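See below for upload-v5.csv, which holds CSV, C-alpha atoms and all ligand atoms.
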```csv
chain,number,residue,atom,x,y,z
Q,1,MET,CA,-14.7,11.1,2.1
Q,2,ARG,CA,-13.5,14.4,3.4
Q,3,LYS,CA,-13.4,17.5,1.1
Q,4,VAL,CA,-9.9,19.0,0.9
Q,5,PRO,CA,-8.7,22.1,-0.7
Q,6,HIS,CA,-6.0,21.1,-3.3
Q,7,ARG,CA,-4.2,22.4,-6.3
Q,8,SER,CA,-6.8,20.6,-8.4
Q,9,GLN,CA,-9.9,18.9,-7.0
Q,10,PRO,CA,-9.1,15.5,-5.6
Q,11,LEU,CA,-11.0,12.8,-7.2
Q,12,TYR,CA,-11.0,10.8,-4.0
Q,13,GLU,CA,-9.6,11.1,-0.5
Q,14,GLY,CA,-9.1,7.8,1.4
Q,15,LYS,CA,-7.7,7.1,4.8
Q,16,ALA,CA,-4.0,7.2,3.8
Q,17,LYS,CA,-3.9,8.7,0.3
Q,18,ILE,CA,-5.5,11.2,-2.0
Q,19,LEU,CA,-6.1,10.6,-5.7
Q,20,LEU,CA,-5.8,13.5,-8.1
Q,21,PRO,CA,-6.2,13.8,-11.8
Q,22,GLY,CA,-3.0,13.0,-13.7
Q,23,PRO,CA,-1.7,14.8,-16.8
Q,24,ASP,CA,-3.8,12.6,-19.1
Q,25,PRO,CA,-7.0,10.7,-18.5
Q,26,SER,CA,-5.2,7.3,-18.2
Q,27,THR,CA,-3.2,8.4,-15.2
Q,28,LEU,CA,-3.7,9.6,-11.6
Q,29,VAL,CA,-1.5,11.3,-9.0
Q,30,GLN,CA,-1.4,9.3,-5.8
Q,31,HIS,CA,-0.6,11.6,-2.9
Q,32,PHE,CA,0.5,9.9,0.4
Q,33,LYS,CA,-0.8,11.5,3.6
Q,34,ASP,CA,0.6,11.3,7.1
Q,35,ASP,CA,-2.9,10.1,8.4
Q,36,ALA,CA,-3.1,6.7,9.9
Q,37,THR,CA,-6.1,4.7,10.8
Q,38,ALA,CA,-6.6,1.3,12.4
Q,39,PHE,CA,-9.4,-1.0,13.6
Q,40,ASN,CA,-11.7,0.1,10.8
Q,41,ASN,CA,-11.2,3.8,11.5
Q,42,ALA,CA,-11.8,3.5,15.3
Q,43,LYS,CA,-8.2,4.7,15.9
Q,44,ARG,CA,-6.8,7.7,14.0
Q,45,ALA,CA,-3.6,9.7,14.2
Q,46,THR,CA,-1.2,11.7,12.2
Q,47,ILE,CA,2.3,10.3,11.9
Q,48,GLU,CA,4.5,13.1,10.7
Q,49,GLY,CA,6.7,12.0,7.8
Q,50,LYS,CA,4.8,8.7,7.2
Q,51,GLY,CA,3.5,9.8,3.8
Q,52,VAL,CA,6.9,10.7,2.5
Q,53,LEU,CA,8.4,7.4,3.7
Q,54,ASN,CA,5.6,5.3,2.3
Q,55,ASN,CA,5.9,7.1,-1.1
Q,56,LEU,CA,9.6,6.3,-1.3
Q,57,ILE,CA,9.3,2.7,0.0
Q,58,SER,CA,6.3,2.0,-2.3
Q,59,GLU,CA,8.2,3.5,-5.3
Q,60,TYR,CA,11.1,1.1,-4.5
Q,61,MET,CA,8.9,-1.9,-4.3
Q,62,PHE,CA,6.9,-1.2,-7.4
Q,63,GLN,CA,10.0,-0.4,-9.4
Q,64,ALA,CA,11.6,-3.6,-8.3
Q,65,LEU,CA,8.5,-5.5,-9.3
Q,66,SER,CA,8.5,-3.8,-12.7
Q,67,GLU,CA,12.1,-5.0,-13.2
Q,68,ILE,CA,10.9,-8.6,-12.9
Q,69,GLY,CA,8.1,-7.9,-15.3
Q,70,LEU,CA,5.3,-7.9,-12.8
Q,71,ALA,CA,2.5,-5.7,-14.2
Q,72,ASN,CA,1.8,-2.8,-11.9
Q,73,HIS,CA,0.4,0.7,-11.9
Q,74,PHE,CA,3.5,2.7,-10.9
Q,75,LEU,CA,4.8,5.1,-13.6
Q,76,HIS,CA,7.1,7.5,-11.8
Q,77,ARG,CA,7.6,9.4,-8.6
Q,78,ILE,CA,6.6,13.1,-8.9
Q,79,ASN,CA,7.9,14.5,-5.6
Q,80,MET,CA,8.4,13.4,-2.0
Q,81,ARG,CA,4.7,12.7,-1.5
Q,82,GLU,CA,3.3,11.9,-4.9
Q,83,GLN,CA,3.6,9.4,-7.6
Q,84,LEU,CA,2.1,9.1,-11.1
Q,85,ILE,CA,0.1,5.9,-11.5
Q,86,ARG,CA,-1.9,4.2,-14.2
Q,87,LYS,CA,-5.6,4.8,-13.6
Q,88,LEU,CA,-7.4,1.5,-13.1
Q,89,GLU,CA,-10.8,0.2,-12.5
Q,90,MET,CA,-10.2,-1.2,-9.0
Q,91,ILE,CA,-11.3,-4.7,-8.0
Q,92,PRO,CA,-13.0,-4.2,-4.6
Q,93,LEU,CA,-10.9,-6.8,-2.8
Q,94,GLU,CA,-8.0,-6.9,-0.4
Q,95,VAL,CA,-5.7,-9.8,-1.2
Q,96,VAL,CA,-3.8,-10.7,1.9
Q,97,VAL,CA,-0.7,-13.0,1.7
Q,98,ARG,CA,0.6,-14.6,4.9
Q,99,ASN,CA,3.9,-16.3,5.5
Q,100,ILE,CA,4.0,-16.1,9.3
Q,101,ALA,CA,1.0,-16.2,11.7
Q,102,ALA,CA,0.2,-12.7,13.1
Q,103,GLY,CA,-2.7,-10.5,14.0
Q,104,SER,CA,-6.3,-11.7,13.7
Q,105,PHE,CA,-5.1,-14.8,11.9
Q,106,CYS,CA,-3.8,-16.1,15.2
Q,107,GLU,CA,-7.1,-15.6,17.0
Q,108,ARG,CA,-9.1,-17.0,14.1
Q,109,TYR,CA,-7.1,-20.2,13.7
Q,110,GLY,CA,-5.6,-20.6,17.1
Q,111,CYS,CA,-2.0,-20.2,16.1
Q,112,LYS,CA,0.8,-18.7,18.1
Q,113,GLU,CA,2.1,-15.4,16.7
Q,114,GLY,CA,5.3,-16.0,14.8
Q,115,THR,CA,4.4,-19.6,13.7
Q,116,VAL,CA,5.9,-20.0,10.2
Q,117,LEU,CA,3.1,-21.3,8.0
Q,118,PRO,CA,3.7,-24.5,6.1
Q,119,ARG,CA,3.1,-22.6,2.9
Q,120,SER,CA,2.0,-19.1,2.0
Q,121,ILE,CA,-1.7,-18.5,2.5
Q,122,VAL,CA,-3.7,-16.1,0.4
Q,123,GLU,CA,-7.0,-14.7,1.7
Q,124,TYR,CA,-9.5,-12.4,0.1
Q,125,CYS,CA,-11.5,-9.7,1.9
Q,126,LEU,CA,-14.2,-7.4,0.4
Q,127,LYS,CA,-12.9,-3.8,0.5
Q,128,ASP,CA,-15.8,-2.2,2.2
Q,129,ASP,CA,-15.3,-0.1,5.4
Q,130,LYS,CA,-19.0,-0.2,6.2
Q,131,LEU,CA,-18.9,-4.0,6.4
Q,132,ALA,CA,-15.4,-4.0,8.1
Q,133,ASP,CA,-13.8,-5.7,5.1
Q,134,PRO,CA,-15.2,-9.2,5.6
Q,135,PRO,CA,-13.3,-12.3,4.4
Q,136,VAL,CA,-14.8,-13.7,1.2
Q,137,SER,CA,-14.3,-16.9,-0.8
Q,138,GLU,CA,-13.8,-17.3,-4.5
Q,139,ASP,CA,-17.5,-18.2,-4.7
Q,140,HIS,CA,-18.6,-14.9,-3.2
Q,141,ILE,CA,-16.2,-13.1,-5.6
Q,142,THR,CA,-17.6,-14.6,-8.7
Q,143,ALA,CA,-21.3,-14.8,-7.5
Q,144,PHE,CA,-21.3,-11.1,-6.6
Q,145,GLY,CA,-19.4,-10.2,-9.8
Q,146,TRP,CA,-16.5,-8.5,-8.1
Q,147,ALA,CA,-14.0,-10.4,-10.3
Q,148,HIS,CA,-14.2,-13.2,-13.0
Q,149,PRO,CA,-12.5,-16.6,-12.4
Q,150,GLN,CA,-9.7,-15.7,-14.8
Q,151,GLU,CA,-9.1,-12.4,-12.9
Q,152,ILE,CA,-8.9,-14.3,-9.6
Q,153,ASP,CA,-6.3,-16.7,-11.1
Q,154,ASP,CA,-4.3,-13.7,-12.3
Q,155,MET,CA,-4.5,-12.0,-8.9
Q,156,LEU,CA,-3.5,-15.2,-7.1
Q,157,SER,CA,-0.5,-15.8,-9.4
Q,158,LEU,CA,0.6,-12.1,-9.2
Q,159,ALA,CA,0.2,-12.1,-5.4
Q,160,LEU,CA,2.3,-15.3,-5.0
Q,161,ARG,CA,5.0,-14.1,-7.4
Q,162,ALA,CA,5.2,-10.7,-5.6
Q,163,ASN,CA,5.4,-12.6,-2.3
Q,164,ASP,CA,8.3,-14.8,-3.4
Q,165,PHE,CA,10.2,-11.7,-4.7
Q,166,LEU,CA,9.4,-9.3,-1.9
Q,167,GLN,CA,10.3,-11.9,0.8
Q,168,GLY,CA,13.8,-11.9,-0.8
Q,169,VAL,CA,14.0,-8.1,-1.1
Q,170,PHE,CA,13.1,-7.7,2.6
Q,171,ARG,CA,15.3,-10.6,3.7
Q,172,ALA,CA,18.3,-9.0,2.0
Q,173,VAL,CA,17.9,-6.1,4.4
Q,174,GLY,CA,17.3,-8.2,7.6
Q,175,LEU,CA,13.5,-8.1,7.5
Q,176,ARG,CA,10.9,-10.8,7.6
Q,177,LEU,CA,7.9,-10.3,5.4
Q,178,VAL,CA,5.2,-11.7,7.8
Q,179,ASP,CA,2.1,-10.8,5.8
Q,180,PHE,CA,0.9,-8.0,3.5
Q,181,LYS,CA,-2.2,-6.7,1.7
Q,182,LEU,CA,-2.4,-6.1,-2.1
Q,183,GLU,CA,-5.0,-4.4,-4.3
Q,184,PHE,CA,-5.5,-5.0,-8.0
Q,185,GLY,CA,-7.2,-3.1,-10.8
Q,186,ARG,CA,-8.1,-3.9,-14.4
Q,187,SER,CA,-7.6,-2.0,-17.6
Q,188,VAL,CA,-9.4,-2.7,-20.9
Q,189,GLU,CA,-6.9,-2.8,-23.8
Q,190,ASP,CA,-7.7,-1.4,-27.2
Q,191,ASN,CA,-8.5,-4.9,-28.5
Q,192,GLY,CA,-11.0,-5.4,-25.7
Q,193,ASP,CA,-8.6,-7.7,-23.6
Q,194,VAL,CA,-8.8,-7.1,-19.9
Q,195,ALA,CA,-5.4,-6.9,-18.1
Q,196,ILE,CA,-4.9,-7.2,-14.3
Q,197,TRP,CA,-2.4,-4.9,-12.6
Q,198,LEU,CA,-1.0,-4.7,-9.1
Q,199,ALA,CA,-2.1,-1.3,-7.7
Q,200,ASP,CA,-2.2,0.8,-4.5
Q,201,GLU,CA,0.9,0.7,-2.3
Q,202,ILE,CA,3.4,-1.6,-0.7
Q,203,SER,CA,4.7,-0.1,2.5
Q,204,PRO,CA,4.9,-0.6,6.3
Q,205,ASP,CA,1.2,0.5,6.3
Q,206,THR,CA,0.3,-2.6,4.3
Q,207,CYS,CA,3.0,-5.1,5.3
Q,208,ARG,CA,4.0,-6.7,8.6
Q,209,LEU,CA,7.8,-6.5,8.8
Q,210,TRP,CA,9.8,-7.9,11.6
Q,211,ASP,CA,13.5,-7.5,12.2
Q,212,ARG,CA,15.1,-10.9,11.4
Q,213,ASP,CA,17.2,-11.0,14.6
Q,214,SER,CA,15.3,-9.2,17.3
Q,215,GLN,CA,11.8,-9.8,15.8
Q,216,GLU,CA,11.1,-6.1,16.5
Q,217,LYS,CA,8.0,-4.9,14.6
Q,218,LEU,CA,8.8,-2.3,12.0
Q,219,ASP,CA,5.3,-1.6,10.6
Q,220,LYS,CA,1.9,-0.3,11.4
Q,221,ASP,CA,1.4,-2.7,14.3
Q,222,ARG,CA,3.5,-0.1,16.3
Q,223,PHE,CA,0.6,2.3,15.7
Q,224,ARG,CA,-2.2,-0.3,16.1
Q,225,HIS,CA,-0.9,-1.5,19.5
Q,226,ASP,CA,0.6,1.7,20.8
Q,227,LEU,CA,4.2,0.4,20.7
Q,228,GLY,CA,5.5,3.9,20.1
Q,229,LYS,CA,8.3,5.1,17.7
Q,230,VAL,CA,6.1,4.5,14.6
Q,231,GLU,CA,7.8,7.0,12.3
Q,232,ARG,CA,11.2,5.7,13.5
Q,233,ALA,CA,10.2,2.2,12.4
Q,234,TYR,CA,9.1,3.3,9.0
Q,235,ARG,CA,12.3,5.3,8.6
Q,236,GLU,CA,14.4,2.3,9.5
Q,237,VAL,CA,12.7,0.3,6.8
Q,238,ALA,CA,13.4,3.1,4.3
Q,239,ARG,CA,17.0,3.4,5.6
Q,240,ARG,CA,17.7,-0.3,5.1
Q,241,LEU,CA,16.3,-0.3,1.6
Q,242,GLY,CA,18.5,2.7,0.8
Q,243,VAL,CA,15.7,5.0,0.0
Q,244,LEU,CA,15.9,7.3,3.0
Q,245,PRO,CA,16.4,10.8,1.8
Q,246,SER,CA,18.9,13.1,3.6
Q,247,ASN,CA,17.5,15.3,6.3
Q,248,SER,CA,17.9,18.3,4.1
Q,249,ALA,CA,15.9,16.6,1.3
Q,250,LEU,CA,13.2,15.7,3.8
Q,251,LYS,CA,13.1,19.3,5.1
Q,252,ASN,CA,13.0,20.5,1.5
Q,253,SER,CA,10.2,18.1,0.5
Q,254,GLY,CA,7.9,21.2,0.7
Q,255,ALA,CA,10.1,22.7,-2.0
Q,256,ALA,CA,10.1,19.5,-4.0
Q,257,LYS,CA,6.3,19.6,-4.0
Q,258,LYS,CA,6.4,23.2,-4.9
Q,259,SER,CA,8.6,22.7,-7.9
Q,260,ALA,CA,6.5,19.7,-9.2
Q,261,ALA,CA,3.3,21.7,-8.7
Q,262,GLU,CA,4.8,24.6,-10.5
Q,263,LYS,CA,5.9,22.3,-13.4
Q,264,ASN,CA,2.3,21.3,-13.7
Q,265,GLY,CA,1.3,25.0,-13.7
Q,266,LYS,CA,-0.5,24.6,-10.4
Q,267,SER,CA,-0.2,26.3,-7.0
Q,268,SER,CA,1.5,24.4,-4.2
Q,269,GLU,CA,-0.3,26.3,-1.5
Q,270,SER,CA,-3.2,24.0,-1.6
Q,271,ILE,CA,-0.9,21.0,-1.4
Q,272,ARG,CA,0.5,22.2,1.9
Q,273,SER,CA,-3.1,22.7,3.2
Q,274,VAL,CA,-3.7,18.9,3.2
Q,275,GLU,CA,-0.7,18.2,5.4
Q,301,LIG,P1,-8.9,3.7,1.4
Q,301,LIG,O1,-9.7,3.9,0.1
Q,301,LIG,O2,-8.9,2.2,1.8
Q,301,LIG,O3,-9.1,4.7,2.5
Q,301,LIG,P2,-6.3,4.9,0.6
Q,301,LIG,O4,-6.4,6.1,1.5
Q,301,LIG,O5,-5.0,4.2,0.5
Q,301,LIG,O6,-7.3,3.8,0.9
Q,301,LIG,O7,-6.8,5.4,-0.8
Q,301,LIG,C1,-6.2,5.1,-2.0
Q,301,LIG,C2,-7.4,4.6,-3.0
Q,301,LIG,O8,-6.8,4.5,-4.3
Q,301,LIG,C3,-7.8,3.2,-2.6
Q,301,LIG,O9,-9.3,3.2,-2.5
Q,301,LIG,C4,-7.4,2.3,-3.7
Q,301,LIG,O10,-8.2,1.3,-4.0
Q,301,LIG,C5,-7.3,3.3,-4.9
Q,301,LIG,N1,-6.3,3.0,-5.9
Q,301,LIG,C6,-5.1,2.5,-5.7
Q,301,LIG,N2,-4.4,2.4,-6.9
Q,301,LIG,C7,-5.3,2.8,-7.9
Q,301,LIG,C8,-5.2,2.9,-9.3
Q,301,LIG,N3,-4.1,2.5,-10.0
Q,301,LIG,N4,-6.3,3.4,-10.0
Q,301,LIG,C9,-7.4,3.8,-9.3
Q,301,LIG,N5,-7.5,3.7,-7.9
Q,301,LIG,C10,-6.5,3.2,-7.2
Q,302,LIG,N1,-3.9,-4.9,5.8
Q,302,LIG,C1,-3.9,-3.6,5.2
Q,302,LIG,N2,-5.1,-3.0,5.1
Q,302,LIG,C2,-6.2,-3.5,5.5
Q,302,LIG,C3,-6.2,-4.8,6.1
Q,302,LIG,C4,-5.0,-5.4,6.2
Q,302,LIG,O1,-2.9,-3.1,4.7
Q,302,LIG,O2,-7.3,-2.9,5.4
Q,302,LIG,C5,-2.6,-5.6,5.9
Q,302,LIG,C6,-2.0,-5.6,7.3
Q,302,LIG,O3,-1.2,-4.5,7.5
Q,302,LIG,C7,-1.3,-6.9,7.4
Q,302,LIG,C8,-2.1,-7.8,6.5
Q,302,LIG,O4,-2.8,-7.0,5.6
Q,302,LIG,O5,0.0,-6.7,6.9
Q,302,LIG,C9,-3.0,-8.7,7.2
Q,302,LIG,O6,-3.9,-7.9,7.9
Q,302,LIG,P1,-5.2,-8.3,8.7
Q,302,LIG,O7,-6.4,-7.6,8.2
Q,302,LIG,O8,-5.3,-9.8,8.8
Q,302,LIG,O9,-4.8,-7.7,10.1
Q,302,LIG,P2,-5.0,-8.3,11.5
Q,302,LIG,O10,-6.5,-8.4,11.6
Q,302,LIG,O11,-4.3,-9.6,11.4
Q,302,LIG,O12,-4.4,-7.3,12.4
```
Mind turning this structure into C-alpha cells?
Amino acid sequence: MRKVPHRSQPLYEGKAKILLPGPDPSTLVQHFKDDATAFNNAKRATIEGKGVLNNLISEYMFQALSEIGLANHFLHRINMREQLIRKLEMIPLEVVVRNIAAGSFCERYGCKEGTVLPRSIVEYCLKDDKLADPPVSEDHITAFGWAHPQEIDDMLSLALRANDFLQGVFRAVGLRLVDFKLEFGRSVEDNGDVAIWLADEISPDTCRLWDRDSQEKLDKDRFRHDLGKVERAYREVARRLGVLPSNSALKNSGAAKKSAAEKNGKSSESIRSVE
C-alpha cells in the first residue's frame, strides 16, 4: 500500500483503485487509476485514460445489473474517475466465471484457447497477493471462515445471474464474454440479517472480451501479453457500449474532478497528484 497525497486521506490504495471516505460512513469513493499490473505485480505500467474508461464501463455494467435487481454496491458516478459506492465488509475471494477457455485455465486443464465450455464454470481464489491468489474450494472457504455456506450459495447465484445477463449485454455490442472476475462484500442490516452484494468493478481489467467476428482481444490481455493498443481496446469497448465521452469531455475530466471536489468542499490539487 503506497501513501498518496489526496484531497482527503485515502483509506486504501490498491493496484488499480483508491478508496476514499464517502460523505457518510456507509459509503466510499472508489477512484479509478491508470495503473495496471499483471502476473501478481511482476509487470506494471500506466495506461493513460484507463481509469476514466473503467469508471464509465463499470458504471454502465453495475447500473444495468441494478435494473435487473441484482444487489450491488454502485450508488452513482461522481466524476470521470470516481464513483460513490456502498461500503462493504469484503469477502476475501475472487469469484471467476468462465464461458470460454482462456489464460491459465487452458494450461491447467489442457484445453485449447477458445474452446466453448459445456457450461459456465465458477472458480474461487483467495484474494491474497502474497500467496498469488491461490484457487480454493468451498471446503477451504468455510473451514477458514472466509464465508458461510449460505454466503457461498448467494455469491454463486449472483455470479451466474450476472454472467447470463452480462453475456447478453456484451453480445449485443459484438463482444464475447470469455471470463471475468467478481468480488463480493457483506452488509449487516439493522435486524442483524447479513446481505451479500456484488462489489468492486466490471471492466476490461477484470473481464476477457473478444470481438465476436475477428476474435480480437479487447481487454487486459493486451497489456499482459504485450499486444499493444491497450487503451484503444478499452476505448473500443466503451464506444460500443455507448459510454465513450466526447474528446472534449475527456480533456475536461480534470475540470469534472475539480468541480466534484469543490462540491465536496475539498481541493482538487491533490486529486491531480495521484494521476
Ligand atoms: P487490489 O486491492 O486487488 O489491489 P484495487 O486496486 O481494485 O484492487 O482496489 C480496490 C479495493 O477495493 C479492492 O481491495 C476491493 O476488494 C475493495 N472494494 C471493492 N468494492 C468495495 C466496497 N464496496 N467496499 C469496500 N471495499 C471494496
Ligand atoms: N482476473 C482479475 N483479477 C485477478 C485475477 C483474474 O480481474 O486478480 C480476471 C481476468 O482478467 C480474467 C479472469 O479473471 O478475466 C480469469 O483470470 P485468471 O486468473 O484465470 O487469469 P489467467 O491466469 O487465466 O490469465
Problem set entry | Surrounding residues as number ranges by chain, ligand LIG 302 (chain Q), max 8 Å, only C-alpha atoms and all ligand atoms | Q: 40, 94-98, 102-106, 127, 133, 178-182, 204-208, 219-221
Sorted by chain and rising residue number, list the residues of chain Q at most 8 Å from ligand LIG 301 (chain Q) (counting all atoms listed in the file), each with its closest atom pair and distance in Å to one decimal, as JSON lines.
```
{"residue": "Q:Tyr12", "atom": "CA", "partner": "Q:LIG301", "partner_atom": "C2", "distance": 7.2}
{"residue": "Q:Glu13", "atom": "CA", "partner": "Q:LIG301", "partner_atom": "O4", "distance": 6.3}
{"residue": "Q:Gly14", "atom": "CA", "partner": "Q:LIG301", "partner_atom": "O4", "distance": 3.2}
{"residue": "Q:Lys15", "atom": "CA", "partner": "Q:LIG301", "partner_atom": "O3", "distance": 3.6}
{"residue": "Q:Ala16", "atom": "CA", "partner": "Q:LIG301", "partner_atom": "O4", "distance": 3.5}
{"residue": "Q:Lys17", "atom": "CA", "partner": "Q:LIG301", "partner_atom": "O4", "distance": 3.8}
{"residue": "Q:Ile18", "atom": "CA", "partner": "Q:LIG301", "partner_atom": "O7", "distance": 6.1}
{"residue": "Q:Leu19", "atom": "CA", "partner": "Q:LIG301", "partner_atom": "O8", "distance": 6.3}
{"residue": "Q:Thr27", "atom": "CA", "partner": "Q:LIG301", "partner_atom": "N4", "distance": 7.9}
{"residue": "Q:Leu28", "atom": "CA", "partner": "Q:LIG301", "partner_atom": "N4", "distance": 6.9}
{"residue": "Q:Gln30", "atom": "CA", "partner": "Q:LIG301", "partner_atom": "O8", "distance": 7.4}
{"residue": "Q:Phe32", "atom": "CA", "partner": "Q:LIG301", "partner_atom": "O5", "distance": 7.9}
{"residue": "Q:His73", "atom": "CA", "partner": "Q:LIG301", "partner_atom": "N3", "distance": 5.2}
{"residue": "Q:Phe74", "atom": "CA", "partner": "Q:LIG301", "partner_atom": "N3", "distance": 7.7}
{"residue": "Q:Ile85", "atom": "CA", "partner": "Q:LIG301", "partner_atom": "N3", "distance": 5.6}
{"residue": "Q:Arg86", "atom": "CA", "partner": "Q:LIG301", "partner_atom": "N3", "distance": 5.0}
{"residue": "Q:Lys87", "atom": "CA", "partner": "Q:LIG301", "partner_atom": "N4", "distance": 3.9}
{"residue": "Q:Leu88", "atom": "CA", "partner": "Q:LIG301", "partner_atom": "N4", "distance": 3.8}
{"residue": "Q:Glu89", "atom": "CA", "partner": "Q:LIG301", "partner_atom": "C9", "distance": 5.9}
{"residue": "Q:Met90", "atom": "CA", "partner": "Q:LIG301", "partner_atom": "N5", "distance": 5.7}
{"residue": "Q:Ile91", "atom": "CA", "partner": "Q:LIG301", "partner_atom": "O10", "distance": 7.8}
{"residue": "Q:Pro92", "atom": "CA", "partner": "Q:LIG301", "partner_atom": "O10", "distance": 7.3}
{"residue": "Q:Lys127", "atom": "CA", "partner": "Q:LIG301", "partner_atom": "O2", "distance": 7.3}
{"residue": "Q:Asp129", "atom": "CA", "partner": "Q:LIG301", "partner_atom": "O2", "distance": 7.7}
{"residue": "Q:Glu183", "atom": "CA", "partner": "Q:LIG301", "partner_atom": "O10", "distance": 6.5}
{"residue": "Q:Phe184", "atom": "CA", "partner": "Q:LIG301", "partner_atom": "N2", "distance": 7.6}
{"residue": "Q:Gly185", "atom": "CA", "partner": "Q:LIG301", "partner_atom": "N3", "distance": 6.5}
{"residue": "Q:Leu198", "atom": "CA", "partner": "Q:LIG301", "partner_atom": "N3", "distance": 7.9}
{"residue": "Q:Ala199", "atom": "CA", "partner": "Q:LIG301", "partner_atom": "N2", "distance": 4.4}
{"residue": "Q:Asp200", "atom": "CA", "partner": "Q:LIG301", "partner_atom": "C6", "distance": 3.6}
{"residue": "Q:Glu201", "atom": "CA", "partner": "Q:LIG301", "partner_atom": "C6", "distance": 7.1}
```
Problem set entry | Sphere at (-0.9, -17.8, 4.9), radius 8 Å, counting only C-alpha atoms: residues as number ranges by chain | Q: 97-101, 117, 119-123, 179
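Note that CA of Asn72 in chain Q and CA of Ile196 in chain Q are 8.4 Å apart.
Between CA of Asn79 in chain Q and CA of Arg235 in chain Q there is a distance of 17.5 Å.
For the set Q:Ser157, Q:Arg232, Q:Phe223, Q:Val169, the residue with the smallest atom-to-atom gap to Asp35 in chain Q is Q:Phe223, counting all atoms listed in the file.
Each of Q:Gly168, Q:Gly49, Q:Gly228, Q:Gly69 was compared to Pro245 in chain Q using all atoms listed in the file, and Q:Gly49 turns out to be the nearest.
Counting all atoms listed in the file, the residue from Q:Arg108, Q:Arg81, Q:His140, Q:Arg222 that sits nearest to Val52 in chain Q is Q:Arg81.
Atom pair CA of Tyr234 in chain Q / CA of Lys50 in chain Q has a distance of 7.1 Å (rounded to one decimal).
Distances to Gln167 in chain Q were evaluated for Q:Arg212, Q:Lys112, Q:Lys130, Q:Arg239 using all atoms listed in the file, and the minimum falls at Q:Arg212.
Minimum distance to Tyr60 in chain Q across Q:Cys125, Q:Leu158, Q:Ala195, Q:Ile202 (counting all atoms listed in the file) occurs at Q:Ile202.
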